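Trainee: One structure is given below, represented as structure tokens, and several questions about it will come after.
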Amino acid sequence: MSLKITTVTPPVELAEGPHWDESTQALYFVDIWKSTIHRYVPESDQYTCTKIHLPGQEEKPVSLIIPVKNEKNKFVISYGADIALITWDGENDPSDYQILATAEQDGKNSTRFNDGKCSPSGVLFAGSMAVDQEKITDNLGNFYSFKNLNSKLLLKNIGISNGLAWSDDEKLFYYIDSLTYKVEGFDHDSDKAEISNRRTVFDLKQNNIEAFPDGMTIDADGNLWVACYEGSRVLKINPKTGTLLDTISLPTPNITSVAFGGKNLDELYVTSARYETFARNIKEDDTAAGCVFKIIGTGSKGIAGASIDISNISTH
């Protein structure tokens with residue numbers, strides 16, 4: 001690969017959840033602990049952001065932002081343990097907040113949503129994790145799908161719910177719990193929004209990769225691209241053979257997620273963090289930490305990110 005890597009946004013604390021919206025030709029992402037949502041438009045090089053603060057609630061982390069299908073300026077976000085609907089024109093303050101669903105709480109330990117995406121048919125899948133950093137390894141998180149006005153619990157005892165990806169035909173689903181150091185595969189039933197037949201498709205430790213797998217995307221050839229937190233890299237993996245096909249090195253250690261974008265879906269956008277949940281290796285002169293990178297020349301094209309079919313989200 002003959003790569004060109006550039007930074008396209010200013011640094012933030014914990015950039016995550018990149019989503020390329022084809023209708024607006026814009027990249028959306030979040031800064032989790034700052035409770036902000038962000039938009040970057042490559043054609044105009046315009047970057048904007050705004051803070052989320054739901055009326056009557058204390059400030060909570062925001063970990064995902066996904067456009068609503070056929071609804072201009074409508075987005076679904078996570079807000080702590082809630083999934084919410086907002087209106088945002090990409091520039092002014094958001095409005096019209098509506099809570100759509102809430103992650104289950106056990107009464108003793110607080111959890112929040114982390115990574116989430118839509119299946120190709122527009123169904124939201126999202127997972128939770130402990131809010132208390134000291135309890136993350138207690139595996140308090142769950143993983144859900146949201147279809148036919150109901151949330152469905154798919155997996156329990158999750159440490160850090162992260163990367164999600166589907167094959168183009170929706171028959172296969174890939175998932176990352178970062179604390180397992182694995183990318184896992186499932187069979188996916190798109191009619192029921194259920195997953196089954198859990199198996200490991202790539203084990204970072206067995207491949208001598210010292211990093212936490214984080215966010216993930218899939219390309220048009222069915223290969224997975226995995227961000228490596230504390231790893232300064234993105235991995236390209238063939239999930240059918242469990243083979244590491246390529247590695248892209250980045251100039252900062254905490255790589256959080258990836259998404260293909262651009263007019264031809266051949267630009268790889270990579271988010272990163274300055275936030276040191278685990279890492280103690282952010283250097284003061286690391287000006288790249290927390291930036292979004294654009295990578296040209298991977299030789300791969302992505303699959304368009306799915307927007308949410310609002311009718312498939314649980315409402316209260």
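Ordering of the structure tokens sets the chain letters (A, B, ...); residue numbers start at 1 within each chain; ligands are numbered from 1 in the order shown.
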Please, which residues in range 60-138 of chain A fall within 7 Å of range 163-178 of chain A when counting only C-alpha atoms, and what is the closest atom pair and distance in Å to one decimal for each, ordered by chain then residue number, as a tab-separated table?

Mentor:
residue	atom	partner	partner_atom	distance
A:Asp115	CA	A:Gly163	CA	6.7
A:Lys117	CA	A:Leu164	CA	6.7
A:Ser119	CA	A:Trp166	CA	6.5
A:Pro120	CA	A:Glu170	CA	6.7

Trainee: Need the shell around Ile5 in chain A: protein/DNA/RNA residues with any atom at most 10 Å away, counting only C-alpha atoms. Skip same-chain ones fewer than 4 positions apart. Format as a list in words?

Mentor: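 The residues satisfying every condition are Ile248, Ser249, Leu250, Pro251, Leu268, Tyr269, Val270, Phe293, Lys294, Ile295, Ile296 and Gly297 of chain A.
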
Trainee: Just want the 7 Å neighbourhood of Thr48 in chain A, counted on only C-alpha atoms, with same-chain residues fewer than 2 positions away dropped. Output as a list of chain:residue names.

Mentor: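 So the residues in contact are A:His38, A:Arg39, A:Tyr40, A:Gln46, A:Gly90, A:Glu91.
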
Trainee: Can you spit out the residues from that selection as an mmCIF file, in the first residue's frame, using N, CA, C and O atoms?

Mentor:
data_model
loop_
_atom_site.group_PDB
_atom_site.id
_atom_site.type_symbol
_atom_site.label_atom_id
_atom_site.label_comp_id
_atom_site.auth_asym_id
_atom_site.auth_seq_id
_atom_site.Cartn_x
_atom_site.Cartn_y
_atom_site.Cartn_z
ATOM 1 N N HIS A 38 -19.580 15.586 16.844
ATOM 2 C CA HIS A 38 -18.717 16.298 15.907
ATOM 3 C C HIS A 38 -19.075 15.956 14.468
ATOM 4 O O HIS A 38 -19.533 14.836 14.188
ATOM 5 N N ARG A 39 -18.827 16.908 13.565
ATOM 6 C CA ARG A 39 -19.035 16.677 12.145
ATOM 7 C C ARG A 39 -17.846 17.222 11.363
ATOM 8 O O ARG A 39 -17.376 18.337 11.629
ATOM 9 N N TYR A 40 -17.370 16.423 10.394
ATOM 10 C CA TYR A 40 -16.315 16.868 9.497
ATOM 11 C C TYR A 40 -16.761 16.641 8.063
ATOM 12 O O TYR A 40 -17.155 15.527 7.700
ATOM 13 N N GLN A 46 -14.774 21.547 6.527
ATOM 14 C CA GLN A 46 -15.486 22.185 7.635
ATOM 15 C C GLN A 46 -15.606 21.224 8.812
ATOM 16 O O GLN A 46 -16.033 20.087 8.656
ATOM 17 N N GLY A 90 -25.842 20.313 12.420
ATOM 18 C CA GLY A 90 -24.404 20.239 12.210
ATOM 19 C C GLY A 90 -23.648 21.475 12.626
ATOM 20 O O GLY A 90 -22.413 21.480 12.631
ATOM 21 N N GLU A 91 -24.370 22.520 13.012
ATOM 22 C CA GLU A 91 -23.710 23.774 13.371
ATOM 23 C C GLU A 91 -24.225 24.353 14.678
ATOM 24 O O GLU A 91 -23.460 24.716 15.558
#

Trainee: May I ask which of the residues A:Ser300, A:Thr287, A:Thr7, A:Ser257 is the closest one to Gly222 in chain A, counting only C-alpha atoms?

Mentor: A:Ser300

Trainee: Could you check how far CA of Gly185 in chain A sits from CA of Leu64 in chain A, in Å to one decimal?

Mentor: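 These two atoms are separated by 21.9 Å.
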
Trainee: Write out as a PDB file with all heavy atoms, in the first residue's frame the residues lying within 9 Å of range 95-102 of chain A, counting only C-alpha atoms and excluding same-chain residues fewer than 4 positions away.

Mentor:
ATOM      1  N   LEU A  54     -28.871  16.878  28.034  1.00  0.00           N
ATOM      2  CA  LEU A  54     -30.310  16.691  28.035  1.00  0.00           C
ATOM      3  C   LEU A  54     -30.945  17.469  29.179  1.00  0.00           C
ATOM      4  O   LEU A  54     -30.431  17.468  30.306  1.00  0.00           O
ATOM      5  CB  LEU A  54     -30.658  15.204  28.148  1.00  0.00           C
ATOM      6  CG  LEU A  54     -30.843  14.471  26.810  1.00  0.00           C
ATOM      7  CD1 LEU A  54     -29.559  14.482  26.014  1.00  0.00           C
ATOM      8  CD2 LEU A  54     -31.332  13.061  27.025  1.00  0.00           C
ATOM      9  N   PRO A  55     -32.048  18.140  28.908  1.00  0.00           N
ATOM     10  CA  PRO A  55     -32.709  18.960  29.935  1.00  0.00           C
ATOM     11  C   PRO A  55     -33.047  18.144  31.185  1.00  0.00           C
ATOM     12  O   PRO A  55     -33.561  17.031  31.100  1.00  0.00           O
ATOM     13  CB  PRO A  55     -33.993  19.425  29.228  1.00  0.00           C
ATOM     14  CG  PRO A  55     -33.658  19.373  27.767  1.00  0.00           C
ATOM     15  CD  PRO A  55     -32.737  18.203  27.615  1.00  0.00           C
ATOM     16  N   VAL A  76     -29.636   9.552  16.241  1.00  0.00           N
ATOM     17  CA  VAL A  76     -29.724   8.798  17.483  1.00  0.00           C
ATOM     18  C   VAL A  76     -28.347   8.816  18.128  1.00  0.00           C
ATOM     19  O   VAL A  76     -27.330   8.590  17.460  1.00  0.00           O
ATOM     20  CB  VAL A  76     -30.207   7.359  17.237  1.00  0.00           C
ATOM     21  CG1 VAL A  76     -29.929   6.473  18.437  1.00  0.00           C
ATOM     22  CG2 VAL A  76     -31.694   7.357  16.921  1.00  0.00           C
ATOM     23  N   TYR A  79     -26.563   8.436  25.536  1.00  0.00           N
ATOM     24  CA  TYR A  79     -26.360   9.438  26.579  1.00  0.00           C
ATOM     25  C   TYR A  79     -26.356   8.713  27.907  1.00  0.00           C
ATOM     26  O   TYR A  79     -27.405   8.422  28.483  1.00  0.00           O
ATOM     27  CB  TYR A  79     -27.458  10.500  26.523  1.00  0.00           C
ATOM     28  CG  TYR A  79     -27.155  11.734  27.344  1.00  0.00           C
ATOM     29  CD1 TYR A  79     -26.121  12.597  26.980  1.00  0.00           C
ATOM     30  CD2 TYR A  79     -27.892  12.034  28.484  1.00  0.00           C
ATOM     31  CE1 TYR A  79     -25.840  13.729  27.721  1.00  0.00           C
ATOM     32  CE2 TYR A  79     -27.620  13.164  29.235  1.00  0.00           C
ATOM     33  CZ  TYR A  79     -26.593  14.016  28.855  1.00  0.00           C
ATOM     34  OH  TYR A  79     -26.302  15.142  29.600  1.00  0.00           O
ATOM     35  N   GLY A  80     -25.159   8.347  28.364  1.00  0.00           N
ATOM     36  CA  GLY A  80     -25.067   7.505  29.536  1.00  0.00           C
ATOM     37  C   GLY A  80     -25.670   6.143  29.239  1.00  0.00           C
ATOM     38  O   GLY A  80     -25.267   5.448  28.309  1.00  0.00           O
ATOM     39  N   ALA A  81     -26.680   5.761  30.001  1.00  0.00           N
ATOM     40  CA  ALA A  81     -27.360   4.478  29.800  1.00  0.00           C
ATOM     41  C   ALA A  81     -28.577   4.602  28.892  1.00  0.00           C
ATOM     42  O   ALA A  81     -29.319   3.636  28.724  1.00  0.00           O
ATOM     43  CB  ALA A  81     -27.778   3.900  31.146  1.00  0.00           C
ATOM     44  N   ASP A  82     -28.782   5.781  28.304  1.00  0.00           N
ATOM     45  CA  ASP A  82     -29.948   6.009  27.451  1.00  0.00           C
ATOM     46  C   ASP A  82     -29.565   6.042  25.973  1.00  0.00           C
ATOM     47  O   ASP A  82     -28.452   6.421  25.600  1.00  0.00           O
ATOM     48  CB  ASP A  82     -30.609   7.346  27.797  1.00  0.00           C
ATOM     49  CG  ASP A  82     -31.174   7.377  29.204  1.00  0.00           C
ATOM     50  OD1 ASP A  82     -31.651   6.327  29.663  1.00  0.00           O
ATOM     51  OD2 ASP A  82     -31.124   8.449  29.841  1.00  0.00           O
ATOM     52  N   ILE A  83     -30.532   5.658  25.142  1.00  0.00           N
ATOM     53  CA  ILE A  83     -30.473   5.919  23.711  1.00  0.00           C
ATOM     54  C   ILE A  83     -31.464   7.038  23.455  1.00  0.00           C
ATOM     55  O   ILE A  83     -32.626   6.965  23.864  1.00  0.00           O
ATOM     56  CB  ILE A  83     -30.854   4.671  22.886  1.00  0.00           C
ATOM     57  CG1 ILE A  83     -29.868   3.528  23.150  1.00  0.00           C
ATOM     58  CG2 ILE A  83     -30.896   5.015  21.406  1.00  0.00           C
ATOM     59  CD1 ILE A  83     -28.449   3.777  22.677  1.00  0.00           C
ATOM     60  N   ALA A  84     -31.005   8.106  22.784  1.00  0.00           N
ATOM     61  CA  ALA A  84     -31.835   9.301  22.622  1.00  0.00           C
ATOM     62  C   ALA A  84     -31.885   9.753  21.169  1.00  0.00           C
ATOM     63  O   ALA A  84     -30.968   9.496  20.386  1.00  0.00           O
ATOM     64  CB  ALA A  84     -31.312  10.437  23.499  1.00  0.00           C
ATOM     65  N   LEU A  85     -32.950  10.437  20.836  1.00  0.00           N
ATOM     66  CA  LEU A  85     -33.140  11.042  19.518  1.00  0.00           C
ATOM     67  C   LEU A  85     -32.954  12.545  19.653  1.00  0.00           C
ATOM     68  O   LEU A  85     -33.485  13.169  20.569  1.00  0.00           O
ATOM     69  CB  LEU A  85     -34.550  10.731  19.007  1.00  0.00           C
ATOM     70  CG  LEU A  85     -34.969  11.339  17.676  1.00  0.00           C
ATOM     71  CD1 LEU A  85     -34.177  10.720  16.530  1.00  0.00           C
ATOM     72  CD2 LEU A  85     -36.476  11.154  17.461  1.00  0.00           C
ATOM     73  N   ILE A  86     -32.181  13.136  18.732  1.00  0.00           N
ATOM     74  CA  ILE A  86     -31.955  14.584  18.755  1.00  0.00           C
ATOM     75  C   ILE A  86     -32.096  15.148  17.344  1.00  0.00           C
ATOM     76  O   ILE A  86     -32.049  14.426  16.358  1.00  0.00           O
ATOM     77  CB  ILE A  86     -30.562  14.960  19.307  1.00  0.00           C
ATOM     78  CG1 ILE A  86     -29.454  14.427  18.385  1.00  0.00           C
ATOM     79  CG2 ILE A  86     -30.375  14.455  20.727  1.00  0.00           C
ATOM     80  CD1 ILE A  86     -28.082  15.017  18.687  1.00  0.00           C
ATOM     81  N   THR A  87     -32.248  16.454  17.279  1.00  0.00           N
ATOM     82  CA  THR A  87     -32.191  17.198  16.024  1.00  0.00           C
ATOM     83  C   THR A  87     -30.936  18.051  16.051  1.00  0.00           C
ATOM     84  O   THR A  87     -30.690  18.768  17.026  1.00  0.00           O
ATOM     85  CB  THR A  87     -33.438  18.096  15.856  1.00  0.00           C
ATOM     86  OG1 THR A  87     -34.603  17.280  15.828  1.00  0.00           O
ATOM     87  CG2 THR A  87     -33.355  18.892  14.570  1.00  0.00           C
ATOM     88  N   TRP A  88     -30.140  17.978  14.973  1.00  0.00           N
ATOM     89  CA  TRP A  88     -28.900  18.769  14.899  1.00  0.00           C
ATOM     90  C   TRP A  88     -28.608  19.097  13.446  1.00  0.00           C
ATOM     91  O   TRP A  88     -28.540  18.193  12.593  1.00  0.00           O
ATOM     92  CB  TRP A  88     -27.734  18.005  15.519  1.00  0.00           C
ATOM     93  CG  TRP A  88     -26.460  18.805  15.594  1.00  0.00           C
ATOM     94  CD1 TRP A  88     -26.325  20.104  15.984  1.00  0.00           C
ATOM     95  CD2 TRP A  88     -25.133  18.350  15.277  1.00  0.00           C
ATOM     96  NE1 TRP A  88     -25.008  20.494  15.943  1.00  0.00           N
ATOM     97  CE2 TRP A  88     -24.256  19.435  15.515  1.00  0.00           C
ATOM     98  CE3 TRP A  88     -24.610  17.142  14.835  1.00  0.00           C
ATOM     99  CZ2 TRP A  88     -22.866  19.341  15.304  1.00  0.00           C
ATOM    100  CZ3 TRP A  88     -23.237  17.040  14.631  1.00  0.00           C
ATOM    101  CH2 TRP A  88     -22.378  18.128  14.868  1.00  0.00           C
ATOM    102  N   PHE A 146     -32.089  -3.595  18.974  1.00  0.00           N
ATOM    103  CA  PHE A 146     -33.332  -2.841  19.149  1.00  0.00           C
ATOM    104  C   PHE A 146     -34.170  -2.985  17.871  1.00  0.00           C
ATOM    105  O   PHE A 146     -33.841  -2.407  16.837  1.00  0.00           O
ATOM    106  CB  PHE A 146     -33.038  -1.363  19.416  1.00  0.00           C
ATOM    107  CG  PHE A 146     -32.245  -1.123  20.663  1.00  0.00           C
ATOM    108  CD1 PHE A 146     -30.857  -1.221  20.648  1.00  0.00           C
ATOM    109  CD2 PHE A 146     -32.875  -0.824  21.851  1.00  0.00           C
ATOM    110  CE1 PHE A 146     -30.119  -1.004  21.798  1.00  0.00           C
ATOM    111  CE2 PHE A 146     -32.148  -0.600  23.006  1.00  0.00           C
ATOM    112  CZ  PHE A 146     -30.762  -0.702  22.982  1.00  0.00           C
ATOM    113  N   ASN A 150     -38.722  -3.102  20.738  1.00  0.00           N
ATOM    114  CA  ASN A 150     -38.239  -3.783  21.939  1.00  0.00           C
ATOM    115  C   ASN A 150     -36.720  -3.932  21.905  1.00  0.00           C
ATOM    116  O   ASN A 150     -36.132  -4.166  20.856  1.00  0.00           O
ATOM    117  CB  ASN A 150     -38.860  -5.184  22.050  1.00  0.00           C
ATOM    118  CG  ASN A 150     -40.338  -5.141  22.354  1.00  0.00           C
ATOM    119  OD1 ASN A 150     -40.752  -4.577  23.362  1.00  0.00           O
ATOM    120  ND2 ASN A 150     -41.145  -5.707  21.478  1.00  0.00           N
ATOM    121  N   SER A 151     -36.110  -3.794  23.089  1.00  0.00           N
ATOM    122  CA  SER A 151     -34.687  -4.105  23.207  1.00  0.00           C
ATOM    123  C   SER A 151     -34.554  -5.599  23.497  1.00  0.00           C
ATOM    124  O   SER A 151     -35.386  -6.189  24.176  1.00  0.00           O
ATOM    125  CB  SER A 151     -34.034  -3.284  24.324  1.00  0.00           C
ATOM    126  OG  SER A 151     -34.587  -3.614  25.572  1.00  0.00           O
ATOM    127  N   ILE A 313     -36.641   1.168  16.795  1.00  0.00           N
ATOM    128  CA  ILE A 313     -36.044   1.504  18.076  1.00  0.00           C
ATOM    129  C   ILE A 313     -37.113   1.548  19.157  1.00  0.00           C
ATOM    130  O   ILE A 313     -38.186   2.119  18.972  1.00  0.00           O
ATOM    131  CB  ILE A 313     -35.311   2.865  18.001  1.00  0.00           C
ATOM    132  CG1 ILE A 313     -34.216   2.782  16.944  1.00  0.00           C
ATOM    133  CG2 ILE A 313     -34.728   3.242  19.345  1.00  0.00           C
ATOM    134  CD1 ILE A 313     -33.518   4.084  16.719  1.00  0.00           C
ATOM    135  N   SER A 314     -36.807   0.934  20.286  1.00  0.00           N
ATOM    136  CA  SER A 314     -37.739   0.897  21.406  1.00  0.00           C
ATOM    137  C   SER A 314     -38.072   2.308  21.869  1.00  0.00           C
ATOM    138  O   SER A 314     -37.196   3.143  22.034  1.00  0.00           O
ATOM    139  CB  SER A 314     -37.118   0.113  22.558  1.00  0.00           C
ATOM    140  OG  SER A 314     -37.928   0.174  23.693  1.00  0.00           O
ATOM    141  N   THR A 315     -39.336   2.601  22.069  1.00  0.00           N
ATOM    142  CA  THR A 315     -39.756   3.905  22.561  1.00  0.00           C
ATOM    143  C   THR A 315     -40.544   3.754  23.852  1.00  0.00           C
ATOM    144  O   THR A 315     -41.248   2.783  24.057  1.00  0.00           O
ATOM    145  CB  THR A 315     -40.638   4.630  21.527  1.00  0.00           C
ATOM    146  OG1 THR A 315     -41.749   3.808  21.192  1.00  0.00           O
ATOM    147  CG2 THR A 315     -39.858   4.970  20.289  1.00  0.00           C
ATOM    148  N   HIS A 316     -40.381   4.728  24.731  1.00  0.00           N
ATOM    149  CA  HIS A 316     -41.098   4.704  26.012  1.00  0.00           C
ATOM    150  C   HIS A 316     -42.026   5.914  26.087  1.00  0.00           C
ATOM    151  O   HIS A 316     -41.660   6.976  25.633  1.00  0.00           O
ATOM    152  CB  HIS A 316     -40.100   4.757  27.169  1.00  0.00           C
ATOM    153  CG  HIS A 316     -39.196   3.567  27.221  1.00  0.00           C
ATOM    154  ND1 HIS A 316     -39.610   2.261  27.094  1.00  0.00           N
ATOM    155  CD2 HIS A 316     -37.841   3.502  27.357  1.00  0.00           C
ATOM    156  CE1 HIS A 316     -38.587   1.434  27.191  1.00  0.00           C
ATOM    157  NE2 HIS A 316     -37.512   2.148  27.331  1.00  0.00           N
TER     158      HIS A 316
END

Trainee: List the spatial neighbours of Asp31 in chain A as a PyMOL selection string - criterion: any atom at most 8 Å away, only C-alpha atoms, same-chain residues fewer than 4 positions off excluded.

Mentor: chain A and resi 12-16+35-38+62-63

Trainee: Those same residues - N, CA, C and O atoms - I'd like them written as a compact mmCIF listing (two decimals), in the first residue's frame.

Mentor:
# COMPACT_ATOMS: atom_id res chain seq x y z
N VAL A 12 -9.17 15.92 20.33
CA VAL A 12 -10.16 15.90 21.40
C VAL A 12 -9.68 14.89 22.44
O VAL A 12 -8.61 14.30 22.30
N GLU A 13 -10.47 14.69 23.48
CA GLU A 13 -10.03 13.80 24.54
C GLU A 13 -10.17 12.32 24.16
O GLU A 13 -9.23 11.54 24.24
N LEU A 14 -11.37 11.94 23.72
CA LEU A 14 -11.64 10.53 23.41
C LEU A 14 -12.57 10.44 22.20
O LEU A 14 -13.78 10.28 22.33
N ALA A 15 -12.00 10.60 21.01
CA ALA A 15 -12.78 10.50 19.78
C ALA A 15 -13.17 9.05 19.55
O ALA A 15 -12.35 8.14 19.69
N GLU A 16 -14.43 8.83 19.19
CA GLU A 16 -14.95 7.46 19.00
C GLU A 16 -16.14 7.49 18.05
O GLU A 16 -16.64 8.55 17.66
N SER A 35 -18.86 14.68 26.22
CA SER A 35 -20.29 14.70 25.86
C SER A 35 -20.55 15.58 24.64
O SER A 35 -21.54 16.33 24.59
N THR A 36 -19.68 15.47 23.64
CA THR A 36 -19.82 16.29 22.45
C THR A 36 -19.97 15.42 21.21
O THR A 36 -19.46 14.30 21.15
N ILE A 37 -20.70 15.96 20.22
CA ILE A 37 -20.82 15.32 18.91
C ILE A 37 -20.13 16.22 17.89
O ILE A 37 -20.12 17.44 18.02
N HIS A 38 -19.58 15.59 16.84
CA HIS A 38 -18.72 16.30 15.91
C HIS A 38 -19.07 15.96 14.47
O HIS A 38 -19.53 14.84 14.19
N VAL A 62 -21.28 10.51 25.89
CA VAL A 62 -21.94 10.26 24.61
C VAL A 62 -20.99 9.40 23.78
O VAL A 62 -19.85 9.81 23.51
N SER A 63 -21.42 8.21 23.37
CA SER A 63 -20.49 7.29 22.73
C SER A 63 -20.85 6.90 21.31
O SER A 63 -20.07 6.22 20.65
